[in-house]
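Undergrad: Submitted below is the structure of interest, expressed as structure tokens.
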Amino acid sequence: MKTTKTGYTSAHAQSAEKAELPAIEAWKNQYKRDYAVKIVHPEFTSVCPKAGLPDFGVITVEYVPAKLCLELKSIKYYFLQYRNLGIFMENSVNRILDDVVRAIKPKKCMVTGEFTARGGIRSVITASYPYVNNRK
């Protein structure tokens with residue numbers, strides 16, 4: 001396990017992958033044609049695993065449904081579980097994408113996290129499905 005000068009390890013970065021989050025529910029798509037769905041959560045919060053400070057941001061999930069659509073109440077409760085979870089911003093965006101894809105198997109999906117500036121630097125992270133590097 002690689003350790004940085006501050007005692008921070010790679011295990012910290014990977015710990016959120018195993019965190020248990022509520023299942024994302026779905027309902028049957030009624031249309032055969034392609035259409036886009038955009039869900040915006042403007043009050044996303046999580047915790048930086050290194051500093052222990054809160055991260056605030058806007059999470060946007062855009063997808064083209066196949067057979068299933070996301071159920072909004074369940075995605076809301078899913079997002080709320082990140083509030084006390086120690087996870088890097090990059091990892092939260094990728095975890096959300098993986099969980100949405102697992103739940104509804106969309107034709108396409110993109111998750112964007114636009115996070116509040118820290119030290120004058122703002123982070124915008126985007127992850128897409130189908131995965132570009134054939135990771136999954």
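Going through the structure tokens in order, the chains are called A, B, and so on, while each chain numbers its residues from 1 and the ligands are numbered from 1 in the order shown.
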Set the distance at 12 Å and use only C-alpha atoms: which residues neighbour segment 103-106 of chain A once local chain neighbours fewer than 2 positions away are removed? I'd like the list as number ranges by chain.
TA: A: 22-29, 34-37, 61-71, 74-75, 78, 96-101, 108-110, 128-130
Undergrad: What are the closest atom pairs, with distances in Å to one decimal, for all residues of segment 3-98 of chain A lying within 7 Å of segment 114-121 of chain A? Consider only C-alpha atoms, order rows by chain and residue number, and present the result as a Markdown table.
TA:
| residue | atom | partner | partner_atom | distance |
| --- | --- | --- | --- | --- |
| A:Phe56 | CA | A:Thr116 | CA | 5.6 |
| A:Gly57 | CA | A:Phe115 | CA | 4.0 |
| A:Val58 | CA | A:Glu114 | CA | 5.2 |
| A:Ile59 | CA | A:Glu114 | CA | 6.6 |
Undergrad: Measuring atom to atom with only C-alpha atoms, identify which of A:Arg122, A:His41, A:Lys50, A:Lys32 is nearest to Lys107 of chain A.
TA: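 Closest residue, counting only C-alpha atoms: A:Lys32.
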Undergrad: Please compute the atom CA of Glu90 of chain A-atom CA of Val40 of chain A distance, one decimal, in Å.
TA: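 Computed distance, atom CA of Glu90 of chain A to atom CA of Val40 of chain A, equals 17.4 Å.
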Undergrad: Using only C-alpha atoms, which of the listed residues (A:Arg102, A:Lys18, A:Arg33, A:Arg83) sits closest to Asp55 of chain A?
TA: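 With only C-alpha atoms as the atom set, the closest residue is A:Arg83.
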Undergrad: Would you mind reading off the distance between atom CA of Thr126 of chain A and atom CA of Tyr31 of chain A, one decimal, in Å?
TA: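 Distance reported for this atom pair: 27.3 Å.
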Undergrad: Using DSSP on the backbone coordinates, identify all residues within segment 13-110 of chain A classified as strand (DSSP E); present the result as a PyMOL selection string.
TA: chain A and resi 26-28+37-47+54-64+68-70+108-110
Undergrad: Which residue, A:Val124, A:Val111, A:Leu85, A:Val132, has the smallest gap to Thr60 of chain A when you use only C-alpha atoms?
TA: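 For Thr60 of chain A, the nearest of the candidates is A:Val111.
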Undergrad: Atom CA of Leu21 of chain A and atom CA of Leu80 of chain A are how many Å apart?
TA: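 Computing it gives 9.5 Å between the two atoms.
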Undergrad: Give me, as number ranges by chain, the residues of segment 1-123 of chain A that a backbone DSSP run labels helix (DSSP H, G or I).
TA: A: 10-18, 72-80, 89-104
